[in-house]
Amino acid sequence: MPAIPSLGNLRGRNNRRPQHPVPPEEQAHVVDCGVYVDGERLPGTWSPVDAITEVRRRRDGFVWIGLYEPGQEQLQGIAEVFGLHELAVEDAVTAHQRPKLDRYEETLFMVLKTVRYIEHESPTTANEIVETGEIMAFLGRQFIVTVRHGKHSGLQQLREELEAAPDRLRIGPAAVLHGIADRIVDSYLAVSEAFENDIDVIEASVFAPRSPIGAEQMYLMKREILELRRAVMPLAVPLRRLAEGYTPLVPEQVRSYFRDVDDHLTTVSERVASFDELLTTLVDATLAKISLQQNTDMRKITAWAAIIAVPTMGVGVYGMNFDYMPELHWRFGYPLVMCVIVAACFVLYRIFRKNRWL
């Protein structure tokens, strides 16, 4: 990898400084705006207008603008400068879009779902396991504009990694789009591995005797798996299009990298599908276990009710107000009745115990 030139050398290459300050209403949502020429970032603080003007003047390089949850007015101003389609701009502002890839004249609009695994002590007590966000990317020949929704979807680390690899940035903005997709799919892999550990814990709990886990934990996990599935599954078609030459904005040398990302996504998709099937099986097993436990409890209740019925019947009969009853005036009548009641209860208890009702 070639050495990265010092900041002083970069300043020597570029004598032009940005002339337009960044408007305060844009600065609140522009996380970063960089101009990249020959794989190197030009020094200075750039506004979106100055950045694209400099690139067009040079007829070389590209602009990477990062936005965080912009409003309609803020994004509309950038859309006018870069020629972004109004429908894509509307989707980027409102968010809550499914992963997709749209082509508008000379720009691409791609939506990717980001996921973050929420640490917890146990999957059986967690209220939330996956947090989702979105990254929208507008790709043109001389620019890429990224719009983020969600606090966990930062791209600063990715930007630093790409700036440390000028050979990748020389390819153009498509290399940035690949870096974003690759990072997001890698996060899918990490989240799926964490999910696998949680499912192992739940599976062990389901088949453990006297486990406290119930069906509600199963449905929580299935809901979180569904959230992950919504992020992973729809992304397969956009990645396959980029790998197969859907647009000339993605050069041939980047398409092979998108194929690698698509392979990783396939791995995640297979994992998520297997998780869903396994959780369905665990839900069925949990419901069967609950039903069996209820049947066992009902048998115990029935057995004890049968045992209690014997003394109830005995004392009920001899509690009636009649003068002439068998053994009513006999000295040993009371002990005899009590012995008969106890013996009958003991016999019933032994029978129920032998049949594992108690």
# chains A, B, ... in the order shown; residues from 1 in each chain; ligands from 1
>>> residues_around(residues="region 55-57 of chain A", least_positions_apart="4", cutoff="8 Å", atoms="only C-alpha atoms", output="list in words")
Val35, Ala51, Gly61, Phe62, Val63 and Gln142 of chain A
>>> atom_distance(atom1="CA of Asp167 (chain A)", atom2="CA of Val37 (chain A)")
11.2 Å
>>> closest_residue(among="A:Arg331, A:His85, A:Arg103, A:Arg230", to="Pro248 (chain A)", atoms="only C-alpha atoms")
A:Arg103
>>> closest_atom_pairs(of="region 296-318 of chain A", to="region 340-346 of chain A", cutoff="10 Å", atoms="only C-alpha atoms", output="Markdown table")
| residue | atom | partner | partner_atom | distance |
| --- | --- | --- | --- | --- |
| A:Trp304 | CA | A:Cys345 | CA | 9.6 |
| A:Ala306 | CA | A:Cys345 | CA | 8.7 |
| A:Ile307 | CA | A:Cys345 | CA | 5.4 |
| A:Ile308 | CA | A:Cys345 | CA | 7.6 |
| A:Ala309 | CA | A:Cys345 | CA | 9.0 |
| A:Val310 | CA | A:Ile341 | CA | 6.5 |
| A:Pro311 | CA | A:Ile341 | CA | 5.7 |
| A:Thr312 | CA | A:Ile341 | CA | 9.3 |
| A:Met313 | CA | A:Ile341 | CA | 9.2 |
| A:Gly314 | CA | A:Ile341 | CA | 7.0 |
| A:Val315 | CA | A:Ile341 | CA | 9.1 |
>>> write_last_selection(atoms="all heavy atoms", output="PDB file, in the first residue's frame")
ATOM      1  N   TRP A 304     -56.048 -35.252  44.599  1.00  0.00           N
ATOM      2  CA  TRP A 304     -56.268 -34.722  45.942  1.00  0.00           C
ATOM      3  C   TRP A 304     -57.759 -34.491  46.200  1.00  0.00           C
ATOM      4  O   TRP A 304     -58.236 -34.676  47.337  1.00  0.00           O
ATOM      5  CB  TRP A 304     -55.493 -33.421  46.137  1.00  0.00           C
ATOM      6  CG  TRP A 304     -54.022 -33.637  46.368  1.00  0.00           C
ATOM      7  CD1 TRP A 304     -53.001 -33.278  45.569  1.00  0.00           C
ATOM      8  CD2 TRP A 304     -53.435 -34.260  47.500  1.00  0.00           C
ATOM      9  NE1 TRP A 304     -51.797 -33.639  46.102  1.00  0.00           N
ATOM     10  CE2 TRP A 304     -52.031 -34.253  47.311  1.00  0.00           C
ATOM     11  CE3 TRP A 304     -53.942 -34.860  48.664  1.00  0.00           C
ATOM     12  CZ2 TRP A 304     -51.143 -34.794  48.227  1.00  0.00           C
ATOM     13  CZ3 TRP A 304     -53.058 -35.400  49.595  1.00  0.00           C
ATOM     14  CH2 TRP A 304     -51.669 -35.367  49.364  1.00  0.00           C
ATOM     15  N   ALA A 306     -60.159 -36.322  45.024  1.00  0.00           N
ATOM     16  CA  ALA A 306     -60.722 -37.648  45.297  1.00  0.00           C
ATOM     17  C   ALA A 306     -60.406 -38.094  46.716  1.00  0.00           C
ATOM     18  O   ALA A 306     -61.254 -38.696  47.407  1.00  0.00           O
ATOM     19  CB  ALA A 306     -60.177 -38.648  44.290  1.00  0.00           C
ATOM     20  N   ILE A 307     -59.193 -37.802  47.184  1.00  0.00           N
ATOM     21  CA  ILE A 307     -58.822 -38.188  48.549  1.00  0.00           C
ATOM     22  C   ILE A 307     -59.635 -37.393  49.564  1.00  0.00           C
ATOM     23  O   ILE A 307     -60.121 -37.940  50.570  1.00  0.00           O
ATOM     24  CB  ILE A 307     -57.312 -37.968  48.757  1.00  0.00           C
ATOM     25  CG1 ILE A 307     -56.524 -38.945  47.864  1.00  0.00           C
ATOM     26  CG2 ILE A 307     -56.929 -38.157  50.213  1.00  0.00           C
ATOM     27  CD1 ILE A 307     -55.025 -38.713  47.893  1.00  0.00           C
ATOM     28  N   ILE A 308     -59.795 -36.100  49.296  1.00  0.00           N
ATOM     29  CA  ILE A 308     -60.546 -35.249  50.229  1.00  0.00           C
ATOM     30  C   ILE A 308     -62.029 -35.616  50.220  1.00  0.00           C
ATOM     31  O   ILE A 308     -62.737 -35.429  51.221  1.00  0.00           O
ATOM     32  CB  ILE A 308     -60.339 -33.775  49.852  1.00  0.00           C
ATOM     33  CG1 ILE A 308     -58.877 -33.366  50.076  1.00  0.00           C
ATOM     34  CG2 ILE A 308     -61.257 -32.858  50.654  1.00  0.00           C
ATOM     35  CD1 ILE A 308     -58.538 -31.973  49.585  1.00  0.00           C
ATOM     36  N   ALA A 309     -62.515 -36.188  49.133  1.00  0.00           N
ATOM     37  CA  ALA A 309     -63.935 -36.554  49.048  1.00  0.00           C
ATOM     38  C   ALA A 309     -64.312 -37.649  50.048  1.00  0.00           C
ATOM     39  O   ALA A 309     -65.462 -37.714  50.494  1.00  0.00           O
ATOM     40  CB  ALA A 309     -64.276 -36.998  47.628  1.00  0.00           C
ATOM     41  N   VAL A 310     -63.356 -38.510  50.405  1.00  0.00           N
ATOM     42  CA  VAL A 310     -63.658 -39.614  51.331  1.00  0.00           C
ATOM     43  C   VAL A 310     -64.021 -39.096  52.719  1.00  0.00           C
ATOM     44  O   VAL A 310     -65.099 -39.421  53.245  1.00  0.00           O
ATOM     45  CB  VAL A 310     -62.472 -40.607  51.377  1.00  0.00           C
ATOM     46  CG1 VAL A 310     -62.718 -41.670  52.455  1.00  0.00           C
ATOM     47  CG2 VAL A 310     -62.293 -41.271  50.023  1.00  0.00           C
ATOM     48  N   PRO A 311     -63.155 -38.295  53.360  1.00  0.00           N
ATOM     49  CA  PRO A 311     -63.578 -37.781  54.673  1.00  0.00           C
ATOM     50  C   PRO A 311     -64.774 -36.835  54.586  1.00  0.00           C
ATOM     51  O   PRO A 311     -65.586 -36.771  55.520  1.00  0.00           O
ATOM     52  CB  PRO A 311     -62.334 -37.035  55.182  1.00  0.00           C
ATOM     53  CG  PRO A 311     -61.532 -36.745  53.972  1.00  0.00           C
ATOM     54  CD  PRO A 311     -61.805 -37.866  53.032  1.00  0.00           C
ATOM     55  N   THR A 312     -64.887 -36.118  53.472  1.00  0.00           N
ATOM     56  CA  THR A 312     -66.045 -35.238  53.319  1.00  0.00           C
ATOM     57  C   THR A 312     -67.339 -36.042  53.325  1.00  0.00           C
ATOM     58  O   THR A 312     -68.349 -35.651  53.948  1.00  0.00           O
ATOM     59  CB  THR A 312     -65.916 -34.444  52.013  1.00  0.00           C
ATOM     60  OG1 THR A 312     -64.717 -33.673  52.036  1.00  0.00           O
ATOM     61  CG2 THR A 312     -67.096 -33.505  51.833  1.00  0.00           C
ATOM     62  N   MET A 313     -67.330 -37.167  52.627  1.00  0.00           N
ATOM     63  CA  MET A 313     -68.530 -38.014  52.583  1.00  0.00           C
ATOM     64  C   MET A 313     -68.809 -38.613  53.956  1.00  0.00           C
ATOM     65  O   MET A 313     -69.958 -38.650  54.407  1.00  0.00           O
ATOM     66  CB  MET A 313     -68.345 -39.132  51.559  1.00  0.00           C
ATOM     67  CG  MET A 313     -69.575 -40.032  51.428  1.00  0.00           C
ATOM     68  SD  MET A 313     -69.309 -41.382  50.263  1.00  0.00           S
ATOM     69  CE  MET A 313     -68.030 -42.302  51.128  1.00  0.00           C
ATOM     70  N   GLY A 314     -67.748 -39.069  54.624  1.00  0.00           N
ATOM     71  CA  GLY A 314     -67.949 -39.701  55.928  1.00  0.00           C
ATOM     72  C   GLY A 314     -68.517 -38.746  56.955  1.00  0.00           C
ATOM     73  O   GLY A 314     -69.536 -39.053  57.612  1.00  0.00           O
ATOM     74  N   VAL A 315     -67.881 -37.605  57.120  1.00  0.00           N
ATOM     75  CA  VAL A 315     -68.368 -36.650  58.117  1.00  0.00           C
ATOM     76  C   VAL A 315     -69.693 -36.054  57.689  1.00  0.00           C
ATOM     77  O   VAL A 315     -70.501 -35.626  58.514  1.00  0.00           O
ATOM     78  CB  VAL A 315     -67.326 -35.529  58.359  1.00  0.00           C
ATOM     79  CG1 VAL A 315     -66.031 -36.110  58.885  1.00  0.00           C
ATOM     80  CG2 VAL A 315     -67.077 -34.722  57.096  1.00  0.00           C
TER      81      VAL A 315
END
>>> closest_atom_pairs(of="region 242-318 of chain A", to="region 184-193 of chain A", cutoff="10 Å", atoms="only C-alpha atoms", output="JSON lines")
{"residue": "A:Val261", "atom": "CA", "partner": "A:Val185", "partner_atom": "CA", "distance": 7.0}
{"residue": "A:Asp262", "atom": "CA", "partner": "A:Val185", "partner_atom": "CA", "distance": 8.6}
{"residue": "A:Asp263", "atom": "CA", "partner": "A:Val185", "partner_atom": "CA", "distance": 9.9}
{"residue": "A:His264", "atom": "CA", "partner": "A:Val185", "partner_atom": "CA", "distance": 7.0}
{"residue": "A:Leu265", "atom": "CA", "partner": "A:Val185", "partner_atom": "CA", "distance": 6.2}
{"residue": "A:Thr266", "atom": "CA", "partner": "A:Val185", "partner_atom": "CA", "distance": 9.9}
{"residue": "A:Thr267", "atom": "CA", "partner": "A:Leu189", "partner_atom": "CA", "distance": 8.2}
{"residue": "A:Val268", "atom": "CA", "partner": "A:Leu189", "partner_atom": "CA", "distance": 6.0}
{"residue": "A:Ser269", "atom": "CA", "partner": "A:Tyr188", "partner_atom": "CA", "distance": 9.3}
{"residue": "A:Arg271", "atom": "CA", "partner": "A:Ser192", "partner_atom": "CA", "distance": 7.0}
{"residue": "A:Val272", "atom": "CA", "partner": "A:Ser192", "partner_atom": "CA", "distance": 7.1}
{"residue": "A:Phe275", "atom": "CA", "partner": "A:Ser192", "partner_atom": "CA", "distance": 9.0}
>>> write_last_selection(atoms="N, CA and C atoms", output="PDB file, in the first residue's frame")
ATOM      1  N   VAL A 261     -19.685  -9.517  -1.039  1.00  0.00           N
ATOM      2  CA  VAL A 261     -20.657  -9.078  -0.047  1.00  0.00           C
ATOM      3  C   VAL A 261     -21.948  -9.880  -0.178  1.00  0.00           C
ATOM      4  N   ASP A 262     -22.353 -10.159  -1.407  1.00  0.00           N
ATOM      5  CA  ASP A 262     -23.561 -10.946  -1.639  1.00  0.00           C
ATOM      6  C   ASP A 262     -23.405 -12.358  -1.075  1.00  0.00           C
ATOM      7  N   ASP A 263     -22.212 -12.936  -1.198  1.00  0.00           N
ATOM      8  CA  ASP A 263     -21.966 -14.266  -0.619  1.00  0.00           C
ATOM      9  C   ASP A 263     -22.127 -14.241   0.894  1.00  0.00           C
ATOM     10  N   HIS A 264     -21.586 -13.194   1.529  1.00  0.00           N
ATOM     11  CA  HIS A 264     -21.721 -13.077   2.980  1.00  0.00           C
ATOM     12  C   HIS A 264     -23.186 -12.903   3.371  1.00  0.00           C
ATOM     13  N   LEU A 265     -23.916 -12.133   2.571  1.00  0.00           N
ATOM     14  CA  LEU A 265     -25.332 -11.937   2.866  1.00  0.00           C
ATOM     15  C   LEU A 265     -26.101 -13.244   2.745  1.00  0.00           C
ATOM     16  N   THR A 266     -25.720 -14.074   1.790  1.00  0.00           N
ATOM     17  CA  THR A 266     -26.368 -15.378   1.656  1.00  0.00           C
ATOM     18  C   THR A 266     -26.161 -16.228   2.899  1.00  0.00           C
ATOM     19  N   THR A 267     -24.952 -16.168   3.454  1.00  0.00           N
ATOM     20  CA  THR A 267     -24.666 -16.896   4.689  1.00  0.00           C
ATOM     21  C   THR A 267     -25.569 -16.426   5.820  1.00  0.00           C
ATOM     22  N   VAL A 268     -25.707 -15.098   5.940  1.00  0.00           N
ATOM     23  CA  VAL A 268     -26.568 -14.547   6.991  1.00  0.00           C
ATOM     24  C   VAL A 268     -28.020 -14.954   6.757  1.00  0.00           C
ATOM     25  N   SER A 269     -28.470 -14.907   5.507  1.00  0.00           N
ATOM     26  CA  SER A 269     -29.858 -15.266   5.197  1.00  0.00           C
ATOM     27  C   SER A 269     -30.155 -16.707   5.587  1.00  0.00           C
ATOM     28  N   ARG A 271     -28.638 -18.399   7.912  1.00  0.00           N
ATOM     29  CA  ARG A 271     -28.672 -18.451   9.378  1.00  0.00           C
ATOM     30  C   ARG A 271     -30.008 -17.957   9.914  1.00  0.00           C
ATOM     31  N   VAL A 272     -30.464 -16.835   9.399  1.00  0.00           N
ATOM     32  CA  VAL A 272     -31.716 -16.255   9.879  1.00  0.00           C
ATOM     33  C   VAL A 272     -32.881 -17.202   9.604  1.00  0.00           C
ATOM     34  N   PHE A 275     -32.718 -19.924  12.093  1.00  0.00           N
ATOM     35  CA  PHE A 275     -33.147 -19.441  13.402  1.00  0.00           C
ATOM     36  C   PHE A 275     -34.665 -19.429  13.501  1.00  0.00           C
TER      37      PHE A 275
END
>>> closest_residue(among="A:Ser153, A:Leu235, A:Glu128, A:Ala273", to="Tyr219 (chain A)", atoms="only C-alpha atoms")
A:Glu128
>>> closest_residue(among="A:Met218, A:Val283, A:Ile290, A:Val30", to="Asn127 (chain A)", atoms="only C-alpha atoms")
A:Met218
>>> residues_around(residues="Gln253 (chain A)", least_positions_apart="3", cutoff="12 Å", atoms="only C-alpha atoms", output="list in words")
Asp167, Arg168, Arg170, Ile171, Gly172, Ala174, Ala175, His178, Leu242, Ala243, Glu244, Gly245, Pro248, Leu249, Val250, Ser256, Tyr257, Phe258 and Arg259 of chain A
>>> closest_residue(among="A:Ala231, A:Leu282, A:Val337, A:Leu358", to="Asp297 (chain A)", atoms="only C-alpha atoms")
A:Leu358
>>> select_by_dssp(residues="region 32-263 of chain A", states="strand (DSSP E)", output="PyMOL selection string")
chain A and resi 32-37+40-41+62-68+100-104+107-117+130-139+143-149
>>> select_by_dssp(residues="region 45-135 of chain A", states="helix (DSSP H, G or I)", output="PyMOL selection string")
chain A and resi 48-58+72-82+86-94
>>> residues_around(residues="Asp284 (chain A)", least_positions_apart="6", cutoff="12 Å", atoms="only C-alpha atoms", output="list in words")
Glu203, Val206, Phe207, Gly214, Ala215, Met218, Tyr219, Glu277, Leu278, Ile290 and Ser291 of chain A
>>> closest_residue(among="A:Arg59, A:Phe332, A:Tyr349, A:Gly39", to="Leu169 (chain A)", atoms="only C-alpha atoms")
A:Gly39
>>> atom_distance(atom1="CA of Val317 (chain A)", atom2="CA of Lys300 (chain A)")
26.1 Å
>>> closest_residue(among="A:Ser205, A:Thr132, A:Gln72, A:Thr114", to="Asp182 (chain A)", atoms="only C-alpha atoms")
A:Thr114
>>> residues_around(residues="Glu80 (chain A)", least_positions_apart="4", cutoff="12 Å", atoms="only C-alpha atoms", output="list in words")
Pro48, Val49, Ile52, Glu73, Gln74, Leu75, Gln76, Leu84, His85, Glu86 and Val89 of chain A
>>> atom_distance(atom1="CA of Arg183 (chain A)", atom2="CA of Tyr104 (chain A)")
25.0 Å
>>> residues_around(residues="region 147-150 of chain A", least_positions_apart="3", cutoff="9 Å", atoms="only C-alpha atoms", output="PyMOL selection string")
chain A and resi 65-70+92-93+95-96+114+131-138+153-155
>>> decode(residues="region 135-164 of chain A", atoms="N, CA and C atoms", output="compact mmCIF listing (two decimals), in the first residue's frame")
# COMPACT_ATOMS: atom_id res chain seq x y z
N ILE A 135 -29.39 3.47 6.41
CA ILE A 135 -28.43 4.29 5.67
C ILE A 135 -28.91 4.37 4.23
N MET A 136 -29.14 5.57 3.75
CA MET A 136 -29.49 5.79 2.35
C MET A 136 -28.28 6.38 1.64
N ALA A 137 -28.04 5.94 0.43
CA ALA A 137 -26.89 6.43 -0.34
C ALA A 137 -27.33 6.88 -1.72
N PHE A 138 -26.96 8.12 -2.07
CA PHE A 138 -27.15 8.64 -3.42
C PHE A 138 -25.80 8.56 -4.12
N LEU A 139 -25.74 7.80 -5.21
CA LEU A 139 -24.48 7.59 -5.91
C LEU A 139 -24.53 8.23 -7.29
N GLY A 140 -23.54 9.07 -7.57
CA GLY A 140 -23.39 9.68 -8.88
C GLY A 140 -21.97 9.49 -9.38
N ARG A 141 -21.66 10.04 -10.54
CA ARG A 141 -20.31 9.87 -11.10
C ARG A 141 -19.26 10.64 -10.29
N GLN A 142 -19.67 11.74 -9.68
CA GLN A 142 -18.71 12.59 -8.97
C GLN A 142 -19.07 12.78 -7.50
N PHE A 143 -19.98 11.99 -6.99
CA PHE A 143 -20.37 12.21 -5.60
C PHE A 143 -21.03 10.96 -5.03
N ILE A 144 -21.06 10.91 -3.71
CA ILE A 144 -21.89 9.98 -2.97
C ILE A 144 -22.37 10.72 -1.73
N VAL A 145 -23.67 10.71 -1.53
CA VAL A 145 -24.30 11.37 -0.39
C VAL A 145 -24.94 10.29 0.46
N THR A 146 -24.52 10.20 1.72
CA THR A 146 -25.06 9.19 2.63
C THR A 146 -25.94 9.88 3.67
N VAL A 147 -27.10 9.30 3.90
CA VAL A 147 -28.06 9.82 4.88
C VAL A 147 -28.28 8.73 5.92
N ARG A 148 -28.01 9.06 7.17
CA ARG A 148 -28.11 8.07 8.24
C ARG A 148 -29.32 8.36 9.12
N HIS A 149 -29.95 7.26 9.56
CA HIS A 149 -31.03 7.32 10.55
C HIS A 149 -30.70 6.26 11.60
N GLY A 150 -30.59 6.69 12.85
CA GLY A 150 -30.21 5.77 13.92
C GLY A 150 -28.84 6.11 14.47
N LYS A 151 -28.73 6.12 15.79
CA LYS A 151 -27.49 6.55 16.42
C LYS A 151 -26.34 5.56 16.24
N HIS A 152 -26.65 4.30 15.99
CA HIS A 152 -25.60 3.29 15.92
C HIS A 152 -25.02 3.11 14.51
N SER A 153 -25.49 3.89 13.55
CA SER A 153 -25.10 3.67 12.15
C SER A 153 -24.02 4.64 11.68
N GLY A 154 -23.12 5.03 12.57
CA GLY A 154 -22.07 5.98 12.21
C GLY A 154 -21.10 5.42 11.17
N LEU A 155 -20.57 6.31 10.32
CA LEU A 155 -19.66 5.91 9.24
C LEU A 155 -18.28 6.55 9.39
N GLN A 156 -18.03 7.20 10.54
CA GLN A 156 -16.76 7.89 10.70
C GLN A 156 -15.58 6.91 10.65
N GLN A 157 -15.71 5.77 11.30
CA GLN A 157 -14.64 4.77 11.29
C GLN A 157 -14.40 4.24 9.89
N LEU A 158 -15.47 4.01 9.13
CA LEU A 158 -15.32 3.56 7.75
C LEU A 158 -14.62 4.62 6.91
N ARG A 159 -14.97 5.87 7.11
CA ARG A 159 -14.32 6.94 6.35
C ARG A 159 -12.83 6.97 6.64
N GLU A 160 -12.45 6.81 7.90
CA GLU A 160 -11.02 6.79 8.25
C GLU A 160 -10.30 5.61 7.63
N GLU A 161 -10.96 4.45 7.61
CA GLU A 161 -10.34 3.27 7.01
C GLU A 161 -10.14 3.46 5.51
N LEU A 162 -11.12 4.02 4.84
CA LEU A 162 -10.99 4.24 3.40
C LEU A 162 -9.95 5.31 3.10
N GLU A 163 -9.89 6.35 3.92
CA GLU A 163 -8.89 7.39 3.70
C GLU A 163 -7.47 6.86 3.91
N ALA A 164 -7.35 5.80 4.70
CA ALA A 164 -6.05 5.17 4.90
C ALA A 164 -5.71 4.19 3.77
